[in-house]
>>> print(open('coords.cif').read())   # mmCIF, C-alpha atoms and all ligand atoms
data_run
#
loop_
_atom_site.label_atom_id
_atom_site.label_comp_id
_atom_site.auth_asym_id
_atom_site.auth_seq_id
_atom_site.Cartn_x
_atom_site.Cartn_y
_atom_site.Cartn_z
CA MET A 1 31.28 4.84 -3.73
CA ASN A 2 28.49 3.11 -1.84
CA ASP A 3 27.68 -0.13 -3.51
CA PHE A 4 24.40 -0.61 -1.68
CA LEU A 5 20.98 0.92 -2.10
CA ARG A 6 19.76 3.03 0.77
CA ILE A 7 16.09 2.73 1.73
CA ALA A 8 14.31 5.07 4.14
CA VAL A 9 11.50 3.51 6.17
CA GLN A 10 9.43 4.86 9.05
CA LYS A 11 11.16 4.28 12.39
CA SER A 12 8.03 3.70 14.39
CA GLY A 13 4.46 4.25 13.37
CA ARG A 14 1.69 2.93 11.20
CA LEU A 15 3.92 2.17 8.21
CA SER A 16 6.88 0.59 9.99
CA GLU A 17 5.86 -3.01 10.50
CA LYS A 18 4.41 -3.59 7.02
CA SER A 19 7.28 -1.77 5.30
CA LEU A 20 9.75 -4.12 6.96
CA LYS A 21 7.57 -7.17 6.37
CA ILE A 22 7.43 -6.70 2.61
CA ILE A 23 11.23 -6.46 2.51
CA ARG A 24 11.61 -9.47 4.75
CA ASP A 25 9.20 -11.41 2.51
CA CYS A 26 11.67 -10.66 -0.30
CA GLY A 27 14.13 -12.96 1.49
CA ILE A 28 16.22 -10.04 2.74
CA ARG A 29 17.56 -10.54 6.27
CA PHE A 30 18.20 -7.74 8.75
CA GLY A 31 17.82 -7.13 12.46
CA SER A 32 15.40 -4.15 12.54
CA ASP A 33 16.68 -3.29 16.00
CA ALA A 34 14.36 -0.45 17.04
CA ARG A 35 17.23 1.43 18.70
CA LEU A 36 19.19 1.71 15.49
CA LEU A 37 18.79 4.55 13.02
CA LYS A 38 20.74 2.83 10.31
CA GLU A 39 21.61 -0.77 9.49
CA GLN A 40 22.71 -2.95 6.64
CA ALA A 41 20.94 -6.05 5.37
CA GLU A 42 22.85 -9.29 5.83
CA ASN A 43 22.31 -10.88 2.44
CA PHE A 44 21.38 -8.08 0.02
CA PRO A 45 23.09 -4.76 -0.84
CA LEU A 46 20.51 -2.70 1.03
CA GLU A 47 20.97 -0.21 3.86
CA PHE A 48 18.07 0.93 6.01
CA LEU A 49 17.55 4.41 7.42
CA TYR A 50 14.86 4.55 10.11
CA LEU A 51 13.22 7.99 10.07
CA ARG A 52 10.09 10.01 10.82
CA ASP A 53 7.78 9.53 7.89
CA ASP A 54 7.61 13.30 7.25
CA ASP A 55 11.32 13.37 6.48
CA ILE A 56 11.35 10.50 4.01
CA PRO A 57 10.39 12.29 0.74
CA ARG A 58 12.88 15.10 1.39
CA TYR A 59 15.70 12.73 2.28
CA VAL A 60 15.14 10.80 -0.92
CA HIS A 61 15.00 14.05 -2.87
CA ASP A 62 18.20 15.29 -1.21
CA LYS A 63 20.06 12.02 -1.94
CA VAL A 64 20.41 11.03 1.70
CA ALA A 65 18.40 7.93 0.78
CA ASP A 66 17.90 6.39 -2.66
CA ILE A 67 14.37 5.08 -2.18
CA GLY A 68 11.76 5.22 0.57
CA ILE A 69 8.43 3.84 1.73
CA VAL A 70 5.90 6.46 2.74
CA GLY A 71 2.15 7.19 2.64
CA ARG A 72 1.11 8.59 -0.72
CA ASN A 73 -0.49 11.44 1.26
CA GLU A 74 2.90 12.54 2.60
CA TYR A 75 4.54 12.22 -0.80
CA ASP A 76 1.85 14.27 -2.55
CA GLU A 77 1.66 16.86 0.20
CA GLN A 78 5.36 17.59 0.00
CA GLY A 79 5.37 17.64 -3.79
CA HIS A 80 9.05 16.75 -4.30
CA GLU A 81 9.69 15.54 -7.80
CA LEU A 82 10.34 11.84 -7.31
CA GLU A 83 9.46 8.63 -9.05
CA LEU A 84 6.53 6.67 -7.73
CA LEU A 85 8.07 3.22 -8.09
CA ARG A 86 5.29 1.00 -6.70
CA ASP A 87 1.96 1.24 -4.94
CA LEU A 88 2.46 -1.22 -2.09
CA GLY A 89 -1.24 -1.32 -1.21
CA PHE A 90 -1.00 -1.40 2.58
CA SER A 91 -1.77 1.33 5.16
CA LYS A 92 -4.96 2.29 3.38
CA CYS A 93 -6.49 5.47 4.68
CA ARG A 94 -8.35 8.52 3.48
CA LEU A 95 -7.94 12.21 4.10
CA SER A 96 -11.37 13.44 5.08
CA ILE A 97 -13.08 16.59 6.19
CA ALA A 98 -14.96 16.23 9.47
CA VAL A 99 -17.15 18.71 11.27
CA PRO A 100 -18.72 18.81 14.75
CA ASN A 101 -21.86 16.62 14.97
CA ALA A 102 -24.03 19.66 15.59
CA MET A 103 -22.98 21.50 12.44
CA ASP A 104 -25.53 21.69 9.62
CA TYR A 105 -23.28 20.57 6.77
CA GLN A 106 -24.74 20.96 3.28
CA GLY A 107 -21.63 20.49 1.18
CA LEU A 108 -18.16 22.04 0.89
CA HIS A 109 -19.70 25.52 0.51
CA SER A 110 -20.83 25.20 4.16
CA LEU A 111 -17.14 25.69 5.00
CA SER A 112 -16.91 29.11 3.31
CA GLY A 113 -15.29 31.59 5.67
CA LYS A 114 -14.61 28.87 8.24
CA ARG A 115 -11.31 27.73 9.64
CA ILE A 116 -10.16 24.16 8.89
CA ALA A 117 -7.32 22.55 10.84
CA THR A 118 -5.11 20.05 9.01
CA SER A 119 -1.62 18.60 8.66
CA TYR A 120 -2.16 18.47 4.89
CA PRO A 121 -2.58 22.10 3.83
CA GLY A 122 -1.42 21.50 0.24
CA ILE A 123 -3.88 18.71 -0.57
CA LEU A 124 -6.73 20.54 1.22
CA LYS A 125 -6.02 23.82 -0.55
CA GLN A 126 -6.24 22.10 -3.91
CA LYS A 127 -9.60 20.52 -3.01
CA LEU A 128 -11.06 23.83 -1.78
CA GLU A 129 -9.84 25.66 -4.87
CA GLN A 130 -11.39 23.04 -7.15
CA ALA A 131 -14.70 23.52 -5.32
CA GLY A 132 -14.37 27.33 -5.38
CA VAL A 133 -14.61 27.49 -1.59
CA GLN A 134 -12.69 30.13 0.36
CA ALA A 135 -11.81 28.94 3.84
CA GLU A 136 -8.90 29.52 6.17
CA ILE A 137 -6.47 26.63 6.43
CA TYR A 138 -4.93 26.29 9.88
CA GLU A 139 -1.87 24.03 9.83
CA LEU A 140 -1.21 21.70 12.77
CA SER A 141 1.39 18.97 12.96
CA GLY A 142 -0.70 16.57 15.06
CA SER A 143 -3.74 16.04 17.32
CA VAL A 144 -5.84 17.69 14.65
CA GLU A 145 -9.05 15.96 15.79
CA ILE A 146 -9.28 17.96 19.00
CA ALA A 147 -9.04 21.35 17.24
CA PRO A 148 -12.82 21.98 17.05
CA SER A 149 -13.49 21.06 20.71
CA ILE A 150 -10.80 23.45 21.96
CA GLY A 151 -12.02 26.26 19.74
CA VAL A 152 -9.04 26.32 17.39
CA ALA A 153 -11.00 25.46 14.23
CA ASP A 154 -14.54 24.94 12.90
CA ALA A 155 -13.67 21.76 11.00
CA ILE A 156 -10.74 19.44 10.38
CA CYS A 157 -9.19 17.62 7.46
CA ASP A 158 -7.37 14.57 8.73
CA LEU A 159 -6.41 10.97 7.97
CA VAL A 160 -9.07 8.40 8.77
CA SER A 161 -9.12 4.64 8.52
CA THR A 162 -12.07 3.40 10.60
CA GLY A 163 -13.47 6.74 11.71
CA ALA A 164 -13.46 5.74 15.40
CA THR A 165 -11.20 8.64 16.42
CA LEU A 166 -13.56 11.12 14.80
CA VAL A 167 -16.59 9.66 16.58
CA SER A 168 -14.87 9.75 19.94
CA ASN A 169 -14.14 13.45 19.38
CA GLY A 170 -17.75 14.33 18.54
CA LEU A 171 -17.03 14.78 14.82
CA LYS A 172 -18.75 13.46 11.69
CA GLU A 173 -16.95 12.67 8.46
CA VAL A 174 -18.55 14.66 5.65
CA GLU A 175 -16.18 14.63 2.68
CA THR A 176 -13.36 12.42 1.38
CA VAL A 177 -10.64 14.60 -0.03
CA TYR A 178 -8.00 12.02 -0.92
CA ARG A 179 -7.30 8.27 -0.71
CA SER A 180 -3.89 6.94 0.24
CA THR A 181 -1.83 3.76 0.45
CA ALA A 182 1.86 3.19 1.13
CA VAL A 183 4.07 3.79 -1.89
CA MET A 184 7.70 3.19 -2.74
CA ILE A 185 9.32 6.36 -4.01
CA GLY A 186 12.76 6.89 -5.52
CA ARG A 187 14.98 9.36 -7.31
CA SER A 188 15.11 9.21 -11.07
CA ASP A 189 18.86 9.96 -11.21
CA LEU A 190 20.26 6.87 -9.47
CA PRO A 191 23.71 5.79 -10.70
CA PRO A 192 23.71 2.59 -12.80
CA HIS A 193 24.93 0.26 -10.03
CA LYS A 194 22.10 1.42 -7.72
CA GLN A 195 19.58 1.09 -10.52
CA GLU A 196 20.74 -2.48 -10.89
CA ILE A 197 20.13 -3.21 -7.18
CA LEU A 198 16.75 -1.46 -7.36
CA LYS A 199 15.78 -3.63 -10.32
CA ARG A 200 16.60 -6.75 -8.31
CA LEU A 201 14.64 -5.46 -5.32
CA LEU A 202 11.58 -4.54 -7.41
CA LEU A 203 11.59 -7.97 -9.05
CA ARG A 204 11.29 -9.49 -5.59
CA ILE A 205 8.70 -7.01 -4.39
CA ASP A 206 6.55 -7.64 -7.46
CA ALA A 207 6.78 -11.38 -6.84
CA VAL A 208 5.69 -10.95 -3.22
CA MET A 209 2.81 -8.62 -4.11
CA ARG A 210 1.61 -10.81 -6.97
CA ALA A 211 1.63 -13.85 -4.70
CA ASP A 212 -0.65 -11.99 -2.29
CA ASP A 213 -3.11 -11.40 -5.10
CA TYR A 214 -3.49 -15.05 -6.04
CA LYS A 215 -4.47 -18.44 -4.60
CA TYR A 216 -3.35 -21.82 -5.88
CA ILE A 217 -6.20 -24.30 -6.33
CA MET A 218 -6.31 -28.00 -7.09
CA PHE A 219 -9.42 -30.06 -7.73
CA ASN A 220 -10.81 -33.13 -9.47
CA LEU A 221 -13.24 -32.61 -12.31
CA PRO A 222 -15.34 -34.76 -14.66
CA LYS A 223 -13.33 -34.61 -17.90
CA GLU A 224 -16.34 -33.59 -19.96
CA HIS A 225 -16.26 -30.14 -18.27
CA LEU A 226 -12.55 -29.47 -18.75
CA ASP A 227 -13.12 -27.10 -21.66
CA LYS A 228 -15.05 -24.75 -19.35
CA VAL A 229 -12.32 -24.38 -16.72
CA SER A 230 -10.17 -21.79 -18.49
CA ALA A 231 -13.15 -19.49 -18.92
CA ILE A 232 -14.01 -19.78 -15.23
CA VAL A 233 -10.57 -19.32 -13.71
CA GLY A 234 -9.56 -16.71 -16.30
CA GLY A 235 -6.31 -14.79 -16.50
CA MET A 236 -3.20 -16.93 -16.38
CA LYS A 237 -1.94 -19.55 -18.84
CA SER A 238 -3.87 -22.82 -19.22
CA PRO A 239 -4.36 -24.94 -16.11
CA THR A 240 -2.22 -28.05 -15.54
CA VAL A 241 -4.27 -31.18 -16.12
CA THR A 242 -3.31 -34.66 -14.86
CA PRO A 243 -5.17 -37.88 -15.78
CA LEU A 244 -6.74 -39.96 -12.99
CA VAL A 245 -7.23 -43.73 -12.72
CA ASP A 246 -10.92 -43.20 -13.39
CA GLU A 247 -10.64 -42.07 -17.01
CA SER A 248 -13.77 -39.97 -16.90
CA TRP A 249 -12.11 -37.66 -14.33
CA CYS A 250 -8.98 -35.49 -14.26
CA ALA A 251 -7.05 -33.43 -11.69
CA VAL A 252 -6.61 -29.72 -12.37
CA GLN A 253 -4.15 -27.22 -10.84
CA THR A 254 -4.21 -23.52 -11.47
CA VAL A 255 -3.95 -20.05 -9.92
CA VAL A 256 -6.92 -17.80 -9.30
CA LYS A 257 -7.10 -14.10 -8.46
CA GLU A 258 -7.88 -13.72 -4.79
CA GLU A 259 -10.73 -11.27 -5.49
CA ARG A 260 -12.47 -13.80 -7.78
CA PHE A 261 -11.82 -16.79 -5.58
CA TRP A 262 -15.31 -17.38 -4.08
CA ASP A 263 -16.97 -16.83 -7.41
CA VAL A 264 -14.65 -19.38 -9.06
CA LEU A 265 -15.23 -21.87 -6.25
CA GLU A 266 -19.01 -21.72 -6.70
CA GLN A 267 -18.75 -22.18 -10.45
CA LEU A 268 -16.38 -25.14 -10.12
CA LYS A 269 -18.73 -26.78 -7.60
CA ALA A 270 -21.57 -26.29 -10.06
CA LEU A 271 -19.53 -28.21 -12.68
CA GLY A 272 -19.16 -31.10 -10.24
CA ALA A 273 -15.59 -30.41 -9.09
CA GLN A 274 -14.56 -32.42 -6.02
CA GLY A 275 -11.70 -32.46 -3.50
CA ILE A 276 -11.00 -28.77 -3.97
CA LEU A 277 -7.75 -27.76 -2.22
CA VAL A 278 -6.67 -24.16 -1.88
CA THR A 279 -3.26 -22.86 -0.78
CA ALA A 280 -1.61 -19.48 -0.41
CA ILE A 281 1.25 -18.69 -2.78
CA GLU A 282 4.47 -17.49 -1.18
CA LYS A 283 6.16 -15.92 -4.23
CA MET A 284 5.12 -15.62 -7.85
CA ALA A 285 7.44 -14.37 -10.58
CA ASN A 286 6.57 -14.00 -14.25
P1 LIG A 301 6.16 9.86 12.52
O1 LIG A 301 6.49 9.80 13.96
O2 LIG A 301 7.02 8.91 11.71
O3 LIG A 301 6.16 11.25 11.95
P2 LIG A 301 3.29 9.97 12.20
O4 LIG A 301 2.62 10.02 13.53
O5 LIG A 301 3.43 11.21 11.39
O6 LIG A 301 4.69 9.26 12.39
P3 LIG A 301 1.63 7.68 11.50
O7 LIG A 301 0.43 8.00 12.31
O8 LIG A 301 2.49 6.54 11.90
O9 LIG A 301 2.55 8.97 11.23
O10 LIG A 301 1.10 7.45 10.01
C1 LIG A 301 1.98 7.22 8.96
C2 LIG A 301 1.18 7.01 7.69
O11 LIG A 301 0.32 5.90 7.84
C3 LIG A 301 0.26 8.15 7.29
O12 LIG A 301 0.93 9.18 6.62
C4 LIG A 301 -0.73 7.44 6.40
O13 LIG A 301 -0.21 7.29 5.09
C5 LIG A 301 -0.83 6.04 7.01
N1 LIG A 301 -2.10 5.78 7.79
C6 LIG A 301 -2.86 4.69 7.67
N2 LIG A 301 -3.92 4.71 8.46
C7 LIG A 301 -3.90 5.85 9.11
C8 LIG A 301 -4.75 6.44 10.09
N3 LIG A 301 -5.85 5.86 10.53
N4 LIG A 301 -4.38 7.63 10.58
C9 LIG A 301 -3.26 8.20 10.17
N5 LIG A 301 -2.45 7.68 9.22
C10 LIG A 301 -2.73 6.53 8.70
MG MG A 302 4.94 12.07 10.67
#
>>> encode(input="coords.cif", output="structure tokens")
Amino acid sequence: MNDFLRIAVQKSGRLSEKSLKIIRDCGIRFGSDARLLKEQAENFPLEFLYLRDDDIPRYVHDKVADIGIVGRNEYDEQGHELELLRDLGFSKCRLSIAVPNAMDYQGLHSLSGKRIATSYPGILKQKLEQAGVQAEIYELSGSVEIAPSIGVADAICDLVSTGATLVSNGLKEVETVYRSTAVMIGRSDLPPHKQEILKRLLLRIDAVMRADDYKYIMFNLPKEHLDKVSAIVGGMKSPTVTPLVDESWCAVQTVVKEERFWDVLEQLKALGAQGILVTAIEKMAN
């Protein structure tokens, strides 16, 4: 019996670095020697398998690995029945349809009877069916963006993050088919001792992800405005308030959602807050 949890991560590619970082941020130590295909963590019952991202959903499904980190696009395309354990939020990209600049594109129906090259035939097929468009799907495993210029296809459906690759190949992005981020996937039939390890790992991952979403702020405030602070910072439990030597003032400490941070800062300034200090949070557990 293996008493460790086996995680499949991409060996080398767009997901690799961030997949390993999130695990390292969980306080788990390992070498991540790029020549290895398999290694064990030093201080947590976790074993890594370094694989091509395409193989990760199938390996988890076939019990070679227990969990894996992969783009949601790959997971959905392959359609294995697995549990989507967490959306990890990184490696954001979209699967888009792009056509040659010169094409007069009026909507998906412009692709009727055309040939579209893609590495994601399943996701594309679904989109075309929903739109009632009949087009030929031409499956390629890579270098999809050059298909139109070499006469292999009329259009492509490929992953895009900035769009620069499309532009440099004389293509224009005309339709977003799908949006993706990295996800952690797992089997639903893990034995109890592995479920236990997974629970411990997820607790850490949640703490790391939550910490990324928040900032810790400290500031001094005229006491008369204290009652307005909770409404401004929102969310979490009441702020911590400490008296100051000047009795008409107090010091306040609290956490603020990263996305609301600038808004909160402006509102606190408007209340007369001074000496505002802001720090990143390393971990945050509930
Ligand atoms: P492998 O050698 O492991 O098969 P790959 O070349 O198939 O690697 P990568 O290009 O490293 O795969 O992309 C892995 C994942 O990263 C994609 O499936 C997608 O979820 C995500 N990704 C993020 N941004 C982009 C982008 N601009 N282009 C392609 N994929 C992206
Ligand atoms: Mg791949």
>>> closest_residue(input="coords.cif", among="A:Ala102, A:Cys93, A:Val64, A:Val264", to="ligand LIG 301 (chain A)", atoms="all atoms listed in the file")
A:Cys93
>>> residues_near_ligand(input="coords.cif", ligand="ligand MG 302 (chain A)", cutoff="12 Å", atoms="all atoms listed in the file", output="PyMOL selection string")
chain A and resi 9-16+51-57+70-71+73-75+77+119-120+140-143+159
>>> atom_distance(input="coords.cif", atom1="CA of Ser238 in chain A", atom2="CA of Ala270 in chain A")
20.2 Å
>>> residues_around(input="coords.cif", residues="Thr254 in chain A", least_positions_apart="2", cutoff="8 Å", atoms="all atoms listed in the file", output="count of residues only")
9
>>> axis_aligned_box(input="coords.cif", around="range 154-164 of chain A", padding_each_side="8 Å", output="AutoDock Vina command-line options")
--center_x -10.5 --center_y 14.2 --center_z 11.4 --size_x 24.1 --size_y 37.5 --size_z 23.9
>>> residues_around(input="coords.cif", residues="Thr279 in chain A", least_positions_apart="2", cutoff="12 Å", atoms="all atoms listed in the file", output="JSON, numbers by chain")
{"A": [211, 212, 214, 215, 216, 217, 218, 219, 253, 254, 255, 256, 258, 261, 276, 277, 281, 282]}
>>> write_last_selection(input="coords.cif", atoms="C-alpha atoms", output="CSV table (one decimal), in the coordinates of the input")
chain,number,residue,atom,x,y,z
A,211,ALA,CA,1.6,-13.8,-4.7
A,212,ASP,CA,-0.6,-12.0,-2.3
A,214,TYR,CA,-3.5,-15.0,-6.0
A,215,LYS,CA,-4.5,-18.4,-4.6
A,216,TYR,CA,-3.4,-21.8,-5.9
A,217,ILE,CA,-6.2,-24.3,-6.3
A,218,MET,CA,-6.3,-28.0,-7.1
A,219,PHE,CA,-9.4,-30.1,-7.7
A,253,GLN,CA,-4.2,-27.2,-10.8
A,254,THR,CA,-4.2,-23.5,-11.5
A,255,VAL,CA,-4.0,-20.0,-9.9
A,256,VAL,CA,-6.9,-17.8,-9.3
A,258,GLU,CA,-7.9,-13.7,-4.8
A,261,PHE,CA,-11.8,-16.8,-5.6
A,276,ILE,CA,-11.0,-28.8,-4.0
A,277,LEU,CA,-7.8,-27.8,-2.2
A,281,ILE,CA,1.2,-18.7,-2.8
A,282,GLU,CA,4.5,-17.5,-1.2
>>> atom_distance(input="coords.cif", atom1="CA of Asn101 in chain A", atom2="CA of Glu175 in chain A")
13.7 Å
>>> closest_residue(input="coords.cif", among="A:Phe90, A:Tyr105, A:Trp249, A:Phe30", to="ligand LIG 301 (chain A)", atoms="only C-alpha atoms and all ligand atoms")
A:Phe90
>>> residues_around(input="coords.cif", residues="Arg204 in chain A", least_positions_apart="3", cutoff="12 Å", atoms="only C-alpha atoms", output="mmCIF file with C-alpha atoms, keeping the file's coordinate frame")
data_model
loop_
_atom_site.group_PDB
_atom_site.id
_atom_site.type_symbol
_atom_site.label_atom_id
_atom_site.label_comp_id
_atom_site.auth_asym_id
_atom_site.auth_seq_id
_atom_site.Cartn_x
_atom_site.Cartn_y
_atom_site.Cartn_z
ATOM 1 C CA ILE A 22 7.430 -6.700 2.610
ATOM 2 C CA ILE A 23 11.230 -6.460 2.510
ATOM 3 C CA ARG A 24 11.610 -9.470 4.750
ATOM 4 C CA ASP A 25 9.200 -11.410 2.510
ATOM 5 C CA CYS A 26 11.670 -10.660 -0.300
ATOM 6 C CA GLY A 27 14.130 -12.960 1.490
ATOM 7 C CA ILE A 28 16.220 -10.040 2.740
ATOM 8 C CA PHE A 44 21.380 -8.080 0.020
ATOM 9 C CA ILE A 197 20.130 -3.210 -7.180
ATOM 10 C CA LEU A 198 16.750 -1.460 -7.360
ATOM 11 C CA LYS A 199 15.780 -3.630 -10.320
ATOM 12 C CA ARG A 200 16.600 -6.750 -8.310
ATOM 13 C CA LEU A 201 14.640 -5.460 -5.320
ATOM 14 C CA ALA A 207 6.780 -11.380 -6.840
ATOM 15 C CA VAL A 208 5.690 -10.950 -3.220
ATOM 16 C CA MET A 209 2.810 -8.620 -4.110
ATOM 17 C CA ARG A 210 1.610 -10.810 -6.970
ATOM 18 C CA ALA A 211 1.630 -13.850 -4.700
ATOM 19 C CA GLU A 282 4.470 -17.490 -1.180
ATOM 20 C CA LYS A 283 6.160 -15.920 -4.230
ATOM 21 C CA MET A 284 5.120 -15.620 -7.850
ATOM 22 C CA ALA A 285 7.440 -14.370 -10.580
ATOM 23 C CA ASN A 286 6.570 -14.000 -14.250
#
>>> atom_distance(input="coords.cif", atom1="CA of Glu173 in chain A", atom2="CA of Ala98 in chain A")
4.2 Å
>>> residues_around(input="coords.cif", residues="Glu224 in chain A", least_positions_apart="5", cutoff="12 Å", atoms="only C-alpha atoms", output="VMD selection string")
chain A and resid 229 247 to 250 271 to 273
>>> residues_around(input="coords.cif", residues="Ile7 in chain A", least_positions_apart="2", cutoff="7 Å", atoms="only C-alpha atoms", output="list in words")
Leu5, Val9, Glu47, Phe48, Leu49, Ala65, Asp66, Ile67 and Gly68 of chain A
>>> closest_residue(input="coords.cif", among="A:Leu108, A:Leu171, A:Ala153, A:Ile97", to="Gln134 in chain A", atoms="only C-alpha atoms")
A:Leu108
>>> closest_residue(input="coords.cif", among="A:Val152, A:Leu37, A:Leu226, A:Leu95", to="ligand LIG 301 (chain A)", atoms="only C-alpha atoms and all ligand atoms")
A:Leu95
>>> closest_residue(input="coords.cif", among="A:Gly186, A:Gly170, A:Gly79, A:Pro191", to="Pro121 in chain A", atoms="all atoms listed in the file")
A:Gly79
>>> decode(input="coords.cif", residues="range 6-26 of chain A", atoms="N, CA and C atoms", output="PDB file, in the first residue's frame")
ATOM      1  N   ARG A   6      -0.271  10.716  -4.849  1.00  0.00           N
ATOM      2  CA  ARG A   6       0.532  10.941  -6.040  1.00  0.00           C
ATOM      3  C   ARG A   6      -0.087  12.068  -6.885  1.00  0.00           C
ATOM      4  N   ILE A   7       0.698  13.095  -7.135  1.00  0.00           N
ATOM      5  CA  ILE A   7       0.181  14.227  -7.919  1.00  0.00           C
ATOM      6  C   ILE A   7       0.896  14.309  -9.265  1.00  0.00           C
ATOM      7  N   ALA A   8       0.131  14.457 -10.339  1.00  0.00           N
ATOM      8  CA  ALA A   8       0.715  14.614 -11.666  1.00  0.00           C
ATOM      9  C   ALA A   8       0.752  16.095 -12.014  1.00  0.00           C
ATOM     10  N   VAL A   9       1.951  16.590 -12.355  1.00  0.00           N
ATOM     11  CA  VAL A   9       2.073  17.985 -12.794  1.00  0.00           C
ATOM     12  C   VAL A   9       2.811  18.011 -14.128  1.00  0.00           C
ATOM     13  N   GLN A  10       2.650  19.113 -14.863  1.00  0.00           N
ATOM     14  CA  GLN A  10       3.292  19.201 -16.174  1.00  0.00           C
ATOM     15  C   GLN A  10       4.814  19.252 -16.009  1.00  0.00           C
ATOM     16  N   LYS A  11       5.497  18.468 -16.812  1.00  0.00           N
ATOM     17  CA  LYS A  11       6.963  18.384 -16.700  1.00  0.00           C
ATOM     18  C   LYS A  11       7.620  19.692 -17.108  1.00  0.00           C
ATOM     19  N   SER A  12       7.259  20.173 -18.298  1.00  0.00           N
ATOM     20  CA  SER A  12       7.810  21.464 -18.679  1.00  0.00           C
ATOM     21  C   SER A  12       6.868  22.130 -19.658  1.00  0.00           C
ATOM     22  N   GLY A  13       6.460  23.332 -19.302  1.00  0.00           N
ATOM     23  CA  GLY A  13       5.484  24.034 -20.121  1.00  0.00           C
ATOM     24  C   GLY A  13       4.869  25.164 -19.338  1.00  0.00           C
ATOM     25  N   ARG A  14       3.768  25.657 -19.826  1.00  0.00           N
ATOM     26  CA  ARG A  14       3.170  26.867 -19.255  1.00  0.00           C
ATOM     27  C   ARG A  14       2.590  26.664 -17.856  1.00  0.00           C
ATOM     28  N   LEU A  15       2.310  25.417 -17.482  1.00  0.00           N
ATOM     29  CA  LEU A  15       1.694  25.182 -16.174  1.00  0.00           C
ATOM     30  C   LEU A  15       2.718  24.843 -15.101  1.00  0.00           C
ATOM     31  N   SER A  16       3.910  24.384 -15.547  1.00  0.00           N
ATOM     32  CA  SER A  16       4.854  23.756 -14.620  1.00  0.00           C
ATOM     33  C   SER A  16       5.233  24.633 -13.432  1.00  0.00           C
ATOM     34  N   GLU A  17       5.754  25.813 -13.740  1.00  0.00           N
ATOM     35  CA  GLU A  17       6.328  26.642 -12.682  1.00  0.00           C
ATOM     36  C   GLU A  17       5.286  26.993 -11.617  1.00  0.00           C
ATOM     37  N   LYS A  18       4.107  27.426 -12.072  1.00  0.00           N
ATOM     38  CA  LYS A  18       3.081  27.860 -11.109  1.00  0.00           C
ATOM     39  C   LYS A  18       2.484  26.680 -10.351  1.00  0.00           C
ATOM     40  N   SER A  19       2.423  25.513 -11.007  1.00  0.00           N
ATOM     41  CA  SER A  19       1.908  24.327 -10.299  1.00  0.00           C
ATOM     42  C   SER A  19       2.832  23.996  -9.132  1.00  0.00           C
ATOM     43  N   LEU A  20       4.144  24.058  -9.392  1.00  0.00           N
ATOM     44  CA  LEU A  20       5.095  23.723  -8.337  1.00  0.00           C
ATOM     45  C   LEU A  20       5.138  24.819  -7.272  1.00  0.00           C
ATOM     46  N   LYS A  21       4.945  26.065  -7.708  1.00  0.00           N
ATOM     47  CA  LYS A  21       5.009  27.172  -6.740  1.00  0.00           C
ATOM     48  C   LYS A  21       3.894  27.059  -5.705  1.00  0.00           C
ATOM     49  N   ILE A  22       2.698  26.732  -6.167  1.00  0.00           N
ATOM     50  CA  ILE A  22       1.577  26.692  -5.218  1.00  0.00           C
ATOM     51  C   ILE A  22       1.816  25.579  -4.186  1.00  0.00           C
ATOM     52  N   ILE A  23       2.445  24.494  -4.614  1.00  0.00           N
ATOM     53  CA  ILE A  23       2.715  23.402  -3.675  1.00  0.00           C
ATOM     54  C   ILE A  23       3.850  23.799  -2.729  1.00  0.00           C
ATOM     55  N   ARG A  24       4.827  24.485  -3.288  1.00  0.00           N
ATOM     56  CA  ARG A  24       5.931  24.955  -2.441  1.00  0.00           C
ATOM     57  C   ARG A  24       5.428  25.970  -1.419  1.00  0.00           C
ATOM     58  N   ASP A  25       4.498  26.844  -1.845  1.00  0.00           N
ATOM     59  CA  ASP A  25       3.922  27.825  -0.920  1.00  0.00           C
ATOM     60  C   ASP A  25       3.144  27.149   0.202  1.00  0.00           C
ATOM     61  N   CYS A  26       2.783  25.890   0.009  1.00  0.00           N
ATOM     62  CA  CYS A  26       2.097  25.121   1.058  1.00  0.00           C
ATOM     63  C   CYS A  26       3.097  24.579   2.076  1.00  0.00           C
TER      64      CYS A  26
END
